[in-house]
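Raw contents of structure.cif, mmCIF, C-alpha atoms:
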```cif
data_query
loop_
_atom_site.group_PDB
_atom_site.id
_atom_site.type_symbol
_atom_site.label_atom_id
_atom_site.label_comp_id
_atom_site.auth_asym_id
_atom_site.auth_seq_id
_atom_site.Cartn_x
_atom_site.Cartn_y
_atom_site.Cartn_z
ATOM 1 C CA MET A 642 46.532 29.267 3.095
ATOM 2 C CA ARG A 643 43.150 30.929 2.668
ATOM 3 C CA SER A 644 42.473 28.730 -0.385
ATOM 4 C CA LEU A 645 43.464 25.609 1.544
ATOM 5 C CA ALA A 646 41.184 26.604 4.418
ATOM 6 C CA LEU A 647 38.309 27.180 1.998
ATOM 7 C CA LEU A 648 38.794 23.767 0.400
ATOM 8 C CA CYS A 649 38.773 22.110 3.811
ATOM 9 C CA LEU A 650 35.592 23.951 4.722
ATOM 10 C CA LEU A 651 33.904 22.825 1.509
ATOM 11 C CA ALA A 652 35.029 19.250 2.059
ATOM 12 C CA PHE A 653 33.398 19.161 5.493
ATOM 13 C CA ALA A 654 30.290 21.001 4.298
ATOM 14 C CA THR A 655 29.524 18.775 1.297
ATOM 15 C CA PRO A 656 28.194 15.692 3.163
ATOM 16 C CA ALA A 657 25.646 17.827 5.027
ATOM 17 C CA HIS A 658 24.084 18.823 1.701
ATOM 18 C CA ALA A 659 24.435 15.476 -0.055
ATOM 19 C CA ALA A 660 21.181 13.924 -1.193
ATOM 20 C CA SER A 661 19.897 11.031 0.899
ATOM 21 C CA PRO A 662 19.727 7.570 -0.701
ATOM 22 C CA GLU A 663 15.930 7.894 -0.763
ATOM 23 C CA GLN A 664 16.173 11.246 -2.542
ATOM 24 C CA HIS A 665 18.525 9.710 -5.105
ATOM 25 C CA TYR A 666 15.898 7.039 -5.799
ATOM 26 C CA LEU A 667 13.072 9.601 -6.025
ATOM 27 C CA ASP A 668 15.052 11.837 -8.384
ATOM 28 C CA LEU A 669 15.808 8.862 -10.629
ATOM 29 C CA ARG A 670 12.187 7.691 -10.518
ATOM 30 C CA ASP A 671 10.851 11.147 -11.358
ATOM 31 C CA ARG A 672 13.255 11.557 -14.284
ATOM 32 C CA TYR A 673 12.037 8.277 -15.724
ATOM 33 C CA ILE A 674 8.380 9.204 -15.153
ATOM 34 C CA ALA A 675 8.921 12.494 -16.994
ATOM 35 C CA LYS A 676 10.684 10.653 -19.823
ATOM 36 C CA PHE A 677 8.182 7.863 -20.379
ATOM 37 C CA SER A 678 5.055 9.930 -19.778
ATOM 38 C CA LYS A 679 5.780 11.896 -22.958
ATOM 39 C CA ALA A 680 7.334 9.060 -24.980
ATOM 40 C CA LYS A 681 5.616 7.432 -27.930
ATOM 41 C CA GLU A 682 4.795 3.762 -27.592
ATOM 42 C CA SER A 683 7.182 1.480 -29.436
ATOM 43 C CA ASP A 684 9.187 -1.694 -28.925
ATOM 44 C CA GLU A 685 12.235 0.421 -28.106
ATOM 45 C CA THR A 686 10.306 2.457 -25.544
ATOM 46 C CA SER A 687 9.092 -0.767 -23.954
ATOM 47 C CA LYS A 688 12.654 -2.078 -23.700
ATOM 48 C CA GLN A 689 13.842 1.181 -22.153
ATOM 49 C CA HIS A 690 10.936 1.086 -19.701
ATOM 50 C CA ASP A 691 11.823 -2.441 -18.585
ATOM 51 C CA ALA A 692 15.453 -1.391 -18.175
ATOM 52 C CA ALA A 693 14.374 1.593 -16.073
ATOM 53 C CA LEU A 694 12.319 -0.644 -13.772
ATOM 54 C CA ASP A 695 15.342 -2.933 -13.417
ATOM 55 C CA GLU A 696 17.521 0.043 -12.478
ATOM 56 C CA LEU A 697 15.006 1.221 -9.885
ATOM 57 C CA THR A 698 14.894 -2.317 -8.509
ATOM 58 C CA GLY A 699 18.654 -2.241 -8.016
ATOM 59 C CA VAL A 700 18.491 1.078 -6.184
ATOM 60 C CA LEU A 701 15.664 -0.153 -3.950
ATOM 61 C CA ARG A 702 17.558 -3.324 -3.068
ATOM 62 C CA GLY A 703 20.407 -1.149 -1.868
ATOM 63 C CA LEU A 704 18.005 1.009 0.148
ATOM 64 C CA VAL A 705 15.950 -1.762 1.730
ATOM 65 C CA GLY A 706 18.635 -4.416 2.072
ATOM 66 C CA PRO A 707 18.042 -8.181 2.121
ATOM 67 C CA VAL A 708 14.509 -9.299 2.973
ATOM 68 C CA ALA A 709 13.272 -12.804 3.795
ATOM 69 C CA ILE A 710 9.494 -13.275 4.052
ATOM 70 C CA LYS A 711 8.254 -16.817 4.521
ATOM 71 C CA GLY A 712 6.418 -18.116 1.485
ATOM 72 C CA LEU A 713 7.584 -15.366 -0.864
ATOM 73 C CA PRO A 714 10.464 -15.158 -3.377
ATOM 74 C CA ALA A 715 13.850 -14.223 -1.972
ATOM 75 C CA GLU A 716 14.445 -11.474 -4.540
ATOM 76 C CA GLY A 717 12.049 -8.572 -4.730
ATOM 77 C CA LYS A 718 11.587 -6.136 -7.580
ATOM 78 C CA THR A 719 10.236 -2.621 -7.743
ATOM 79 C CA ASN A 720 6.589 -2.418 -6.686
ATOM 80 C CA ALA A 721 5.973 0.033 -9.526
ATOM 81 C CA ASP A 722 3.859 -1.437 -12.315
ATOM 82 C CA THR A 723 4.429 1.427 -14.705
ATOM 83 C CA LEU A 724 6.350 4.673 -15.073
ATOM 84 C CA PHE A 725 3.827 6.043 -17.574
ATOM 85 C CA LYS A 726 1.897 8.672 -15.646
ATOM 86 C CA GLY A 727 -1.830 8.189 -16.107
ATOM 87 C CA ASP A 728 -1.550 4.486 -16.879
ATOM 88 C CA SER A 729 -3.598 2.014 -14.891
ATOM 89 C CA GLY A 730 -1.483 0.915 -11.926
ATOM 90 C CA PHE A 731 0.630 4.074 -11.784
ATOM 91 C CA GLY A 732 1.707 5.390 -8.384
ATOM 92 C CA HIS A 733 1.995 2.289 -6.244
ATOM 93 C CA LEU A 734 3.918 2.445 -2.973
ATOM 94 C CA ASP A 735 7.641 2.890 -3.606
ATOM 95 C CA GLY A 736 9.469 -0.179 -2.367
ATOM 96 C CA LEU A 737 10.492 -3.726 -3.145
ATOM 97 C CA GLY A 738 7.578 -5.927 -4.131
ATOM 98 C CA PHE A 739 7.265 -9.675 -3.574
ATOM 99 C CA ALA A 740 4.445 -11.948 -4.748
ATOM 100 C CA THR A 741 3.417 -15.563 -5.100
ATOM 101 C CA GLU A 742 2.133 -16.851 -8.424
ATOM 102 C CA GLY A 743 -1.311 -15.427 -9.028
ATOM 103 C CA ASP A 744 -0.707 -12.687 -6.428
ATOM 104 C CA LYS A 745 -2.453 -14.683 -3.704
ATOM 105 C CA MET A 746 0.075 -13.162 -1.324
ATOM 106 C CA GLN A 747 1.888 -9.883 -1.943
ATOM 107 C CA ALA A 748 4.335 -7.871 0.104
ATOM 108 C CA VAL A 749 5.999 -4.490 -0.157
ATOM 109 C CA VAL A 750 9.024 -3.521 1.907
ATOM 110 C CA THR A 751 10.110 0.091 1.979
ATOM 111 C CA THR A 752 11.647 2.713 4.262
ATOM 112 C CA THR A 753 9.801 5.140 6.493
ATOM 113 C CA ALA A 754 11.267 8.047 4.504
ATOM 114 C CA LEU A 755 9.874 6.692 1.219
ATOM 115 C CA LEU A 756 6.536 5.952 2.886
ATOM 116 C CA LYS A 757 6.208 9.508 4.190
ATOM 117 C CA HIS A 758 7.038 10.925 0.763
ATOM 118 C CA TRP A 759 4.512 8.618 -0.918
ATOM 119 C CA LEU A 760 1.753 9.556 1.529
ATOM 120 C CA ALA A 761 2.366 13.234 0.832
ATOM 121 C CA GLU A 762 2.251 12.596 -2.925
ATOM 122 C CA HIS A 763 -1.203 11.024 -2.583
ATOM 123 C CA ARG A 764 -2.681 13.646 -0.268
ATOM 124 C CA ALA A 765 -4.910 14.946 -3.070
ATOM 125 C CA ASP A 766 -6.384 11.436 -3.435
ATOM 126 C CA GLY A 767 -7.669 11.493 0.137
ATOM 127 C CA MET A 768 -4.648 9.748 1.630
ATOM 128 C CA PRO A 769 -3.862 10.730 5.244
ATOM 129 C CA GLU A 770 -0.311 12.047 5.624
ATOM 130 C CA ASP A 771 -0.025 10.731 9.171
ATOM 131 C CA ILE A 772 1.341 7.174 9.063
ATOM 132 C CA GLY A 773 -0.928 5.881 11.825
ATOM 133 C CA ALA A 774 -4.025 7.335 10.172
ATOM 134 C CA ALA A 775 -2.947 5.991 6.768
ATOM 135 C CA PHE A 776 -2.606 2.449 8.125
ATOM 136 C CA ARG A 777 -6.246 2.651 9.240
ATOM 137 C CA SER A 778 -7.516 4.078 5.954
ATOM 138 C CA ASP A 779 -8.776 1.984 3.054
ATOM 139 C CA ARG A 780 -7.006 4.451 0.742
ATOM 140 C CA PHE A 781 -3.627 3.081 1.806
ATOM 141 C CA TYR A 782 -4.503 -0.541 1.046
ATOM 142 C CA TYR A 783 -6.122 0.458 -2.241
ATOM 143 C CA GLN A 784 -3.282 2.533 -3.633
ATOM 144 C CA ALA A 785 -0.256 0.659 -2.282
ATOM 145 C CA ILE A 786 -0.583 -2.434 -4.475
ATOM 146 C CA GLN A 787 -2.427 -3.790 -7.518
ATOM 147 C CA ASP A 788 -4.941 -1.765 -9.484
ATOM 148 C CA SER A 789 -8.039 -2.813 -7.572
ATOM 149 C CA ALA A 790 -10.190 -0.920 -5.118
ATOM 150 C CA PHE A 791 -10.181 -2.008 -1.479
ATOM 151 C CA ALA A 792 -12.982 -1.763 1.077
ATOM 152 C CA LYS A 793 -11.927 -2.013 4.703
ATOM 153 C CA TYR A 794 -14.457 -3.935 6.785
ATOM 154 C CA ALA A 795 -12.774 -4.158 10.168
ATOM 155 C CA GLU A 796 -9.519 -3.941 12.072
ATOM 156 C CA LEU A 797 -8.176 -7.106 13.646
ATOM 157 C CA PRO A 798 -6.658 -6.784 17.160
ATOM 158 C CA ILE A 799 -3.215 -8.291 16.590
ATOM 159 C CA THR A 800 -0.428 -8.184 19.169
ATOM 160 C CA LYS A 801 2.407 -5.890 18.144
ATOM 161 C CA PRO A 802 5.842 -7.540 18.286
ATOM 162 C CA ALA A 803 8.142 -5.946 20.856
ATOM 163 C CA SER A 804 10.634 -5.072 18.110
ATOM 164 C CA ALA A 805 8.041 -3.171 16.054
ATOM 165 C CA SER A 806 6.941 0.406 16.600
ATOM 166 C CA ALA A 807 3.620 -0.172 14.832
ATOM 167 C CA ALA A 808 1.515 -3.096 13.628
ATOM 168 C CA VAL A 809 -1.972 -2.958 12.116
ATOM 169 C CA ALA A 810 -4.169 -5.619 10.501
ATOM 170 C CA VAL A 811 -7.307 -5.020 8.469
ATOM 171 C CA LEU A 812 -9.980 -7.282 7.015
ATOM 172 C CA GLY A 813 -11.525 -6.325 3.699
ATOM 173 C CA VAL A 814 -12.550 -6.948 0.114
ATOM 174 C CA ARG A 815 -10.500 -6.081 -2.977
ATOM 175 C CA GLY A 816 -11.791 -5.968 -6.521
ATOM 176 C CA ASN A 817 -12.670 -3.966 -9.606
ATOM 177 C CA GLY A 818 -16.425 -4.323 -9.230
ATOM 178 C CA ASP A 819 -18.809 -4.837 -6.347
ATOM 179 C CA LEU A 820 -16.961 -4.679 -3.026
ATOM 180 C CA LYS A 821 -19.924 -5.744 -0.913
ATOM 181 C CA GLY A 822 -19.759 -9.261 0.478
ATOM 182 C CA PRO A 823 -18.104 -11.394 3.143
ATOM 183 C CA PRO A 824 -14.545 -10.014 3.543
ATOM 184 C CA HIS A 825 -11.757 -12.507 2.899
ATOM 185 C CA GLU A 826 -8.537 -10.492 2.463
ATOM 186 C CA ILE A 827 -6.271 -9.762 5.414
ATOM 187 C CA ASP A 828 -3.616 -7.052 5.117
ATOM 188 C CA VAL A 829 -1.009 -6.423 7.786
ATOM 189 C CA VAL A 830 1.484 -3.592 8.007
ATOM 190 C CA ALA A 831 4.306 -3.092 10.486
ATOM 191 C CA ILE A 832 7.234 -0.779 11.112
ATOM 192 C CA GLN A 833 10.528 -1.881 12.583
ATOM 193 C CA GLY A 834 13.304 0.671 12.814
ATOM 194 C CA GLY A 835 13.477 2.430 9.465
ATOM 195 C CA LYS A 836 11.690 -0.322 7.532
ATOM 196 C CA VAL A 837 8.027 -0.683 6.648
ATOM 197 C CA PHE A 838 6.516 -4.116 5.869
ATOM 198 C CA PHE A 839 3.168 -4.581 4.127
ATOM 199 C CA LEU A 840 1.732 -8.061 3.520
ATOM 200 C CA ALA A 841 -1.600 -8.738 1.787
ATOM 201 C CA ALA A 842 -3.220 -12.170 1.517
ATOM 202 C CA THR A 843 -6.349 -12.786 -0.536
ATOM 203 C CA ASP A 844 -8.680 -15.615 0.445
ATOM 204 C CA ALA A 845 -7.019 -15.585 3.847
ATOM 205 C CA VAL A 846 -10.116 -16.354 5.895
ATOM 206 C CA LYS A 847 -13.775 -17.288 5.596
ATOM 207 C CA THR A 848 -16.312 -14.906 7.110
ATOM 208 C CA ALA A 849 -20.046 -14.402 6.741
ATOM 209 C CA GLU A 850 -22.613 -11.694 6.205
ATOM 210 C CA ILE A 851 -23.950 -9.944 9.304
ATOM 211 C CA PRO A 852 -27.778 -9.749 9.158
ATOM 212 C CA ALA A 853 -27.966 -6.462 11.063
ATOM 213 C CA CYS A 854 -25.607 -4.843 8.556
ATOM 214 C CA GLU A 855 -27.528 -6.309 5.621
ATOM 215 C CA LYS A 856 -30.547 -4.539 7.032
ATOM 216 C CA VAL A 857 -28.601 -1.248 7.171
ATOM 217 C CA TRP A 858 -27.572 -1.707 3.527
ATOM 218 C CA LYS A 859 -31.126 -2.366 2.352
ATOM 219 C CA GLN A 860 -32.470 0.621 4.292
ATOM 220 C CA MET A 861 -29.843 2.930 2.778
ATOM 221 C CA MET A 862 -30.445 1.634 -0.735
ATOM 222 C CA ALA A 863 -34.210 2.069 -0.326
ATOM 223 C CA LYS A 864 -33.883 5.752 0.529
ATOM 224 C CA LYS A 865 -34.905 8.306 -2.037
ATOM 225 C CA VAL A 866 -32.099 10.834 -2.268
ATOM 226 C CA PRO A 867 -31.393 13.684 -4.696
ATOM 227 C CA GLU A 868 -27.931 12.335 -5.461
ATOM 228 C CA ASP A 869 -27.361 9.919 -8.324
ATOM 229 C CA SER A 870 -27.449 6.158 -7.737
ATOM 230 C CA MET A 871 -23.656 5.888 -7.445
ATOM 231 C CA ASP A 872 -23.613 8.410 -4.597
ATOM 232 C CA LYS A 873 -26.399 6.504 -2.867
ATOM 233 C CA GLU A 874 -24.511 3.232 -3.233
ATOM 234 C CA ASP A 875 -21.341 4.825 -1.852
ATOM 235 C CA GLN A 876 -23.270 6.107 1.172
ATOM 236 C CA ALA A 877 -24.866 2.699 1.662
ATOM 237 C CA MET A 878 -21.484 0.990 1.451
ATOM 238 C CA ASP A 879 -20.020 3.397 3.995
ATOM 239 C CA ALA A 880 -22.856 2.718 6.436
ATOM 240 C CA TYR A 881 -22.622 -1.018 5.792
ATOM 241 C CA THR A 882 -18.869 -1.293 6.454
ATOM 242 C CA LYS A 883 -19.145 0.867 9.583
ATOM 243 C CA CYS A 884 -21.840 -1.468 10.856
ATOM 244 C CA PHE A 885 -19.658 -4.457 9.976
ATOM 245 C CA ALA A 886 -16.711 -3.023 11.900
ATOM 246 C CA ARG A 887 -18.900 -2.582 15.009
ATOM 247 C CA LYS A 888 -20.472 -6.024 14.836
ATOM 248 C CA ALA A 889 -17.485 -8.079 13.634
ATOM 249 C CA PRO A 890 -15.864 -8.702 17.072
ATOM 250 C CA SER A 891 -18.991 -10.551 18.223
ATOM 251 C CA GLN A 892 -19.081 -12.903 15.226
ATOM 252 C CA SER A 893 -18.076 -16.572 15.485
ATOM 253 C CA TRP A 894 -15.417 -16.233 12.781
ATOM 254 C CA PHE A 895 -13.701 -13.152 14.248
ATOM 255 C CA ALA A 896 -11.284 -15.037 16.531
ATOM 256 C CA ALA A 897 -10.095 -17.183 13.604
ATOM 257 C CA ALA A 898 -9.605 -14.086 11.464
ATOM 258 C CA THR A 899 -7.557 -12.415 14.200
ATOM 259 C CA LYS A 900 -5.456 -15.551 14.647
ATOM 260 C CA LYS A 901 -4.825 -15.675 10.893
ATOM 261 C CA ALA A 902 -3.760 -12.019 10.904
ATOM 262 C CA GLN A 903 -1.352 -12.705 13.772
ATOM 263 C CA SER A 904 0.198 -15.644 11.917
ATOM 264 C CA GLN A 905 0.478 -13.477 8.803
ATOM 265 C CA LEU A 906 2.330 -10.840 10.815
ATOM 266 C CA GLU A 907 4.703 -13.516 12.066
ATOM 267 C CA LEU A 908 5.794 -14.253 8.485
ATOM 268 C CA LEU A 909 7.544 -10.873 8.467
ATOM 269 C CA PRO A 910 11.180 -10.596 9.626
ATOM 270 C CA LEU A 911 10.407 -8.449 12.681
ATOM 271 C CA ARG A 912 12.698 -10.144 15.221
#
```

Please, can you express the file's structure as structure tokens?
Amino acid sequence: MRSLALLCLLAFATPAHAASPEQHYLDLRDRYIAKFSKAKESDETSKQHDAALDELTGVLRGLVGPVAIKGLPAEGKTNADTLFKGDSGFGHLDGLGFATEGDKMQAVVTTTALLKHWLAEHRADGMPEDIGAAFRSDRFYYQAIQDSAFAKYAELPITKPASASAAVAVLGVRGNGDLKGPPHEIDVVAIQGGKVFFLAATDAVKTAEIPACEKVWKQMMAKKVPEDSMDKEDQAMDAYTKCFARKAPSQSWFAAATKKAQSQLELLPLR
């Protein structure tokens, strides 16, 4: 009888300690990262890597469920570009990725649990752990997708859908070189229930330089500072984008940019 009672107790106790579906995915992902990060490059390794990405895609589809985003493929695949730690493109946001040809529009759909874990993983890179703060940081938009830096120029005042607990839109520039210039990319992110939706569109809107901010840039670049030229340029870019964020709402193109961001948000299945 005591043995039977013990078995019953264990049976009821097991589910409480069972790994969550997200933890199952993370454990699988980390095992593959450990495997491929020390593997030698070969055709066989490449085949195994592709198979691992396919397996992670299957797990993510089970986690996220069906997703329909207007203008994007019906079937998503893992947003991970590579499982080789240290490779360019390593460490993108865990989730299902969707993209048009040429990546003119990209989306990632994930769960809030995976998002929180990912933010914590990137804390050392300057990523805020708080979700709200992360959505307003250029670090999030830089590290979530692609392998290109992102400069946030302004937030766009979109209207949050009633079904969503959060919705943020940012205007910026993405690239591997100079990030100074009229911003044209609009990224929106929203949370509904346990799902997180991120949609980025390049060449989404036409804007223009702001003369007052150009003046700030030139003044910063003209300063003689003890730091090296890269530090000076970073400081100038920071001052320039802060100026842009302040002045943007008064620009003639701002209403059109906000409207475009709102229509972009409406492509997401948030109802």

Given the point (-5.8, -8.3, 16.2) in the file's coordinates, find the residues that have an atom at most 7 Å from it, counting all atoms listed in the file, and give them as a ChimeraX atom specification.
/A:797-800,810,899,902-903

Which of A:Phe895, A:Tyr673, A:Phe739, A:Phe885 sits closest to Leu713 (chain A) [using only C-alpha atoms]:
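That would be A:Phe739, the residue with the smallest distance to Leu713 (chain A).
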
Quick one: what's the axis-aligned box for region 695-704 of chain A, all listed atoms, 5 Å on every side, centre and edges in Å to one decimal, as AutoDock Vina command-line options?
```
--center_x 17.7 --center_y -1.1 --center_z -6.6 --size_x 15.5 --size_y 14.5 --size_z 23.6
```

Could you give me, as a list in words, the residues that have an atom at most 9 Å away from the point (8.2, 4.4, 14.3) in the coordinates of the file, using all atoms listed in the file?
Thr753, Ala805, Ser806, Ala807, Ile832, Gln833, Gly834, Gly835 and Lys836 of chain A

Computed interatomic separation between CA of Ser661 (chain A) and CA of Glu716 (chain A) (Å):
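Between these atoms lies a distance of 23.8 Å.
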
For region 761-772 of chain A, where the input has fewer atoms than it should, I would like all heavy atoms rebuilt and written as a PDB file, in the coordinates of the input.
```pdb
ATOM      1  N   ALA A 761       2.525  11.822   1.191  1.00  0.00           N
ATOM      2  CA  ALA A 761       2.366  13.234   0.832  1.00  0.00           C
ATOM      3  C   ALA A 761       1.991  13.388  -0.641  1.00  0.00           C
ATOM      4  O   ALA A 761       1.166  14.243  -0.998  1.00  0.00           O
ATOM      5  CB  ALA A 761       3.651  13.997   1.136  1.00  0.00           C
ATOM      6  N   GLU A 762       2.566  12.543  -1.492  1.00  0.00           N
ATOM      7  CA  GLU A 762       2.251  12.596  -2.925  1.00  0.00           C
ATOM      8  C   GLU A 762       0.782  12.285  -3.193  1.00  0.00           C
ATOM      9  O   GLU A 762       0.209  12.774  -4.159  1.00  0.00           O
ATOM     10  CB  GLU A 762       3.124  11.603  -3.697  1.00  0.00           C
ATOM     11  CG  GLU A 762       4.544  12.054  -3.941  1.00  0.00           C
ATOM     12  CD  GLU A 762       5.296  11.084  -4.837  1.00  0.00           C
ATOM     13  OE1 GLU A 762       5.050   9.867  -4.748  1.00  0.00           O
ATOM     14  OE2 GLU A 762       6.137  11.552  -5.622  1.00  0.00           O
ATOM     15  N   HIS A 763       0.174  11.460  -2.355  1.00  0.00           N
ATOM     16  CA  HIS A 763      -1.203  11.024  -2.583  1.00  0.00           C
ATOM     17  C   HIS A 763      -2.213  11.760  -1.705  1.00  0.00           C
ATOM     18  O   HIS A 763      -3.366  11.329  -1.592  1.00  0.00           O
ATOM     19  CB  HIS A 763      -1.308   9.517  -2.357  1.00  0.00           C
ATOM     20  CG  HIS A 763      -0.637   8.717  -3.427  1.00  0.00           C
ATOM     21  ND1 HIS A 763      -1.275   8.310  -4.571  1.00  0.00           N
ATOM     22  CD2 HIS A 763       0.647   8.283  -3.533  1.00  0.00           C
ATOM     23  CE1 HIS A 763      -0.435   7.641  -5.338  1.00  0.00           C
ATOM     24  NE2 HIS A 763       0.735   7.605  -4.735  1.00  0.00           N
ATOM     25  N   ARG A 764      -1.789  12.865  -1.129  1.00  0.00           N
ATOM     26  CA  ARG A 764      -2.681  13.646  -0.268  1.00  0.00           C
ATOM     27  C   ARG A 764      -3.937  14.090  -1.020  1.00  0.00           C
ATOM     28  O   ARG A 764      -5.045  14.050  -0.482  1.00  0.00           O
ATOM     29  CB  ARG A 764      -1.932  14.863   0.268  1.00  0.00           C
ATOM     30  CG  ARG A 764      -2.749  15.786   1.160  1.00  0.00           C
ATOM     31  CD  ARG A 764      -1.859  16.874   1.714  1.00  0.00           C
ATOM     32  NE  ARG A 764      -1.109  17.532   0.644  1.00  0.00           N
ATOM     33  CZ  ARG A 764      -0.067  18.332   0.829  1.00  0.00           C
ATOM     34  NH1 ARG A 764       0.381  18.571   2.054  1.00  0.00           N
ATOM     35  NH2 ARG A 764       0.548  18.900  -0.200  1.00  0.00           N
ATOM     36  N   ALA A 765      -3.770  14.476  -2.279  1.00  0.00           N
ATOM     37  CA  ALA A 765      -4.910  14.946  -3.070  1.00  0.00           C
ATOM     38  C   ALA A 765      -5.912  13.835  -3.362  1.00  0.00           C
ATOM     39  O   ALA A 765      -7.059  14.101  -3.734  1.00  0.00           O
ATOM     40  CB  ALA A 765      -4.424  15.561  -4.386  1.00  0.00           C
ATOM     41  N   ASP A 766      -5.492  12.581  -3.200  1.00  0.00           N
ATOM     42  CA  ASP A 766      -6.384  11.436  -3.435  1.00  0.00           C
ATOM     43  C   ASP A 766      -7.126  11.021  -2.174  1.00  0.00           C
ATOM     44  O   ASP A 766      -7.785   9.973  -2.153  1.00  0.00           O
ATOM     45  CB  ASP A 766      -5.571  10.237  -3.938  1.00  0.00           C
ATOM     46  CG  ASP A 766      -4.813  10.549  -5.216  1.00  0.00           C
ATOM     47  OD1 ASP A 766      -5.351  11.302  -6.046  1.00  0.00           O
ATOM     48  OD2 ASP A 766      -3.683  10.053  -5.385  1.00  0.00           O
ATOM     49  N   GLY A 767      -7.000  11.820  -1.112  1.00  0.00           N
ATOM     50  CA  GLY A 767      -7.669  11.493   0.137  1.00  0.00           C
ATOM     51  C   GLY A 767      -6.831  10.656   1.081  1.00  0.00           C
ATOM     52  O   GLY A 767      -7.340  10.133   2.073  1.00  0.00           O
ATOM     53  N   MET A 768      -5.542  10.540   0.783  1.00  0.00           N
ATOM     54  CA  MET A 768      -4.648   9.748   1.630  1.00  0.00           C
ATOM     55  C   MET A 768      -4.207  10.559   2.846  1.00  0.00           C
ATOM     56  O   MET A 768      -3.704  11.670   2.709  1.00  0.00           O
ATOM     57  CB  MET A 768      -3.397   9.342   0.831  1.00  0.00           C
ATOM     58  CG  MET A 768      -2.399   8.502   1.619  1.00  0.00           C
ATOM     59  SD  MET A 768      -2.907   6.796   1.761  1.00  0.00           S
ATOM     60  CE  MET A 768      -2.658   6.251   0.062  1.00  0.00           C
ATOM     61  N   PRO A 769      -4.376  10.031   4.056  1.00  0.00           N
ATOM     62  CA  PRO A 769      -3.862  10.730   5.244  1.00  0.00           C
ATOM     63  C   PRO A 769      -2.332  10.807   5.193  1.00  0.00           C
ATOM     64  O   PRO A 769      -1.679   9.848   4.784  1.00  0.00           O
ATOM     65  CB  PRO A 769      -4.329   9.840   6.402  1.00  0.00           C
ATOM     66  CG  PRO A 769      -5.441   9.015   5.845  1.00  0.00           C
ATOM     67  CD  PRO A 769      -5.101   8.798   4.412  1.00  0.00           C
ATOM     68  N   GLU A 770      -1.777  11.926   5.604  1.00  0.00           N
ATOM     69  CA  GLU A 770      -0.311  12.047   5.624  1.00  0.00           C
ATOM     70  C   GLU A 770       0.283  11.419   6.881  1.00  0.00           C
ATOM     71  O   GLU A 770       1.441  11.001   6.880  1.00  0.00           O
ATOM     72  CB  GLU A 770       0.097  13.517   5.516  1.00  0.00           C
ATOM     73  CG  GLU A 770       0.038  14.063   4.107  1.00  0.00           C
ATOM     74  CD  GLU A 770       0.811  15.358   3.953  1.00  0.00           C
ATOM     75  OE1 GLU A 770       2.060  15.315   3.933  1.00  0.00           O
ATOM     76  OE2 GLU A 770       0.157  16.416   3.869  1.00  0.00           O
ATOM     77  N   ASP A 771      -0.495  11.368   7.950  1.00  0.00           N
ATOM     78  CA  ASP A 771      -0.025  10.731   9.171  1.00  0.00           C
ATOM     79  C   ASP A 771       0.036   9.220   8.966  1.00  0.00           C
ATOM     80  O   ASP A 771      -0.937   8.607   8.484  1.00  0.00           O
ATOM     81  CB  ASP A 771      -0.970  11.071  10.322  1.00  0.00           C
ATOM     82  CG  ASP A 771      -0.593  10.344  11.603  1.00  0.00           C
ATOM     83  OD1 ASP A 771       0.396  10.740  12.239  1.00  0.00           O
ATOM     84  OD2 ASP A 771      -1.288   9.363  11.932  1.00  0.00           O
ATOM     85  N   ILE A 772       1.154   8.605   9.313  1.00  0.00           N
ATOM     86  CA  ILE A 772       1.341   7.174   9.063  1.00  0.00           C
ATOM     87  C   ILE A 772       0.290   6.337   9.793  1.00  0.00           C
ATOM     88  O   ILE A 772      -0.309   5.432   9.217  1.00  0.00           O
ATOM     89  CB  ILE A 772       2.760   6.730   9.461  1.00  0.00           C
ATOM     90  CG1 ILE A 772       3.790   7.341   8.493  1.00  0.00           C
ATOM     91  CG2 ILE A 772       2.881   5.206   9.454  1.00  0.00           C
ATOM     92  CD1 ILE A 772       5.233   7.028   8.846  1.00  0.00           C
TER      93      ILE A 772
END
```
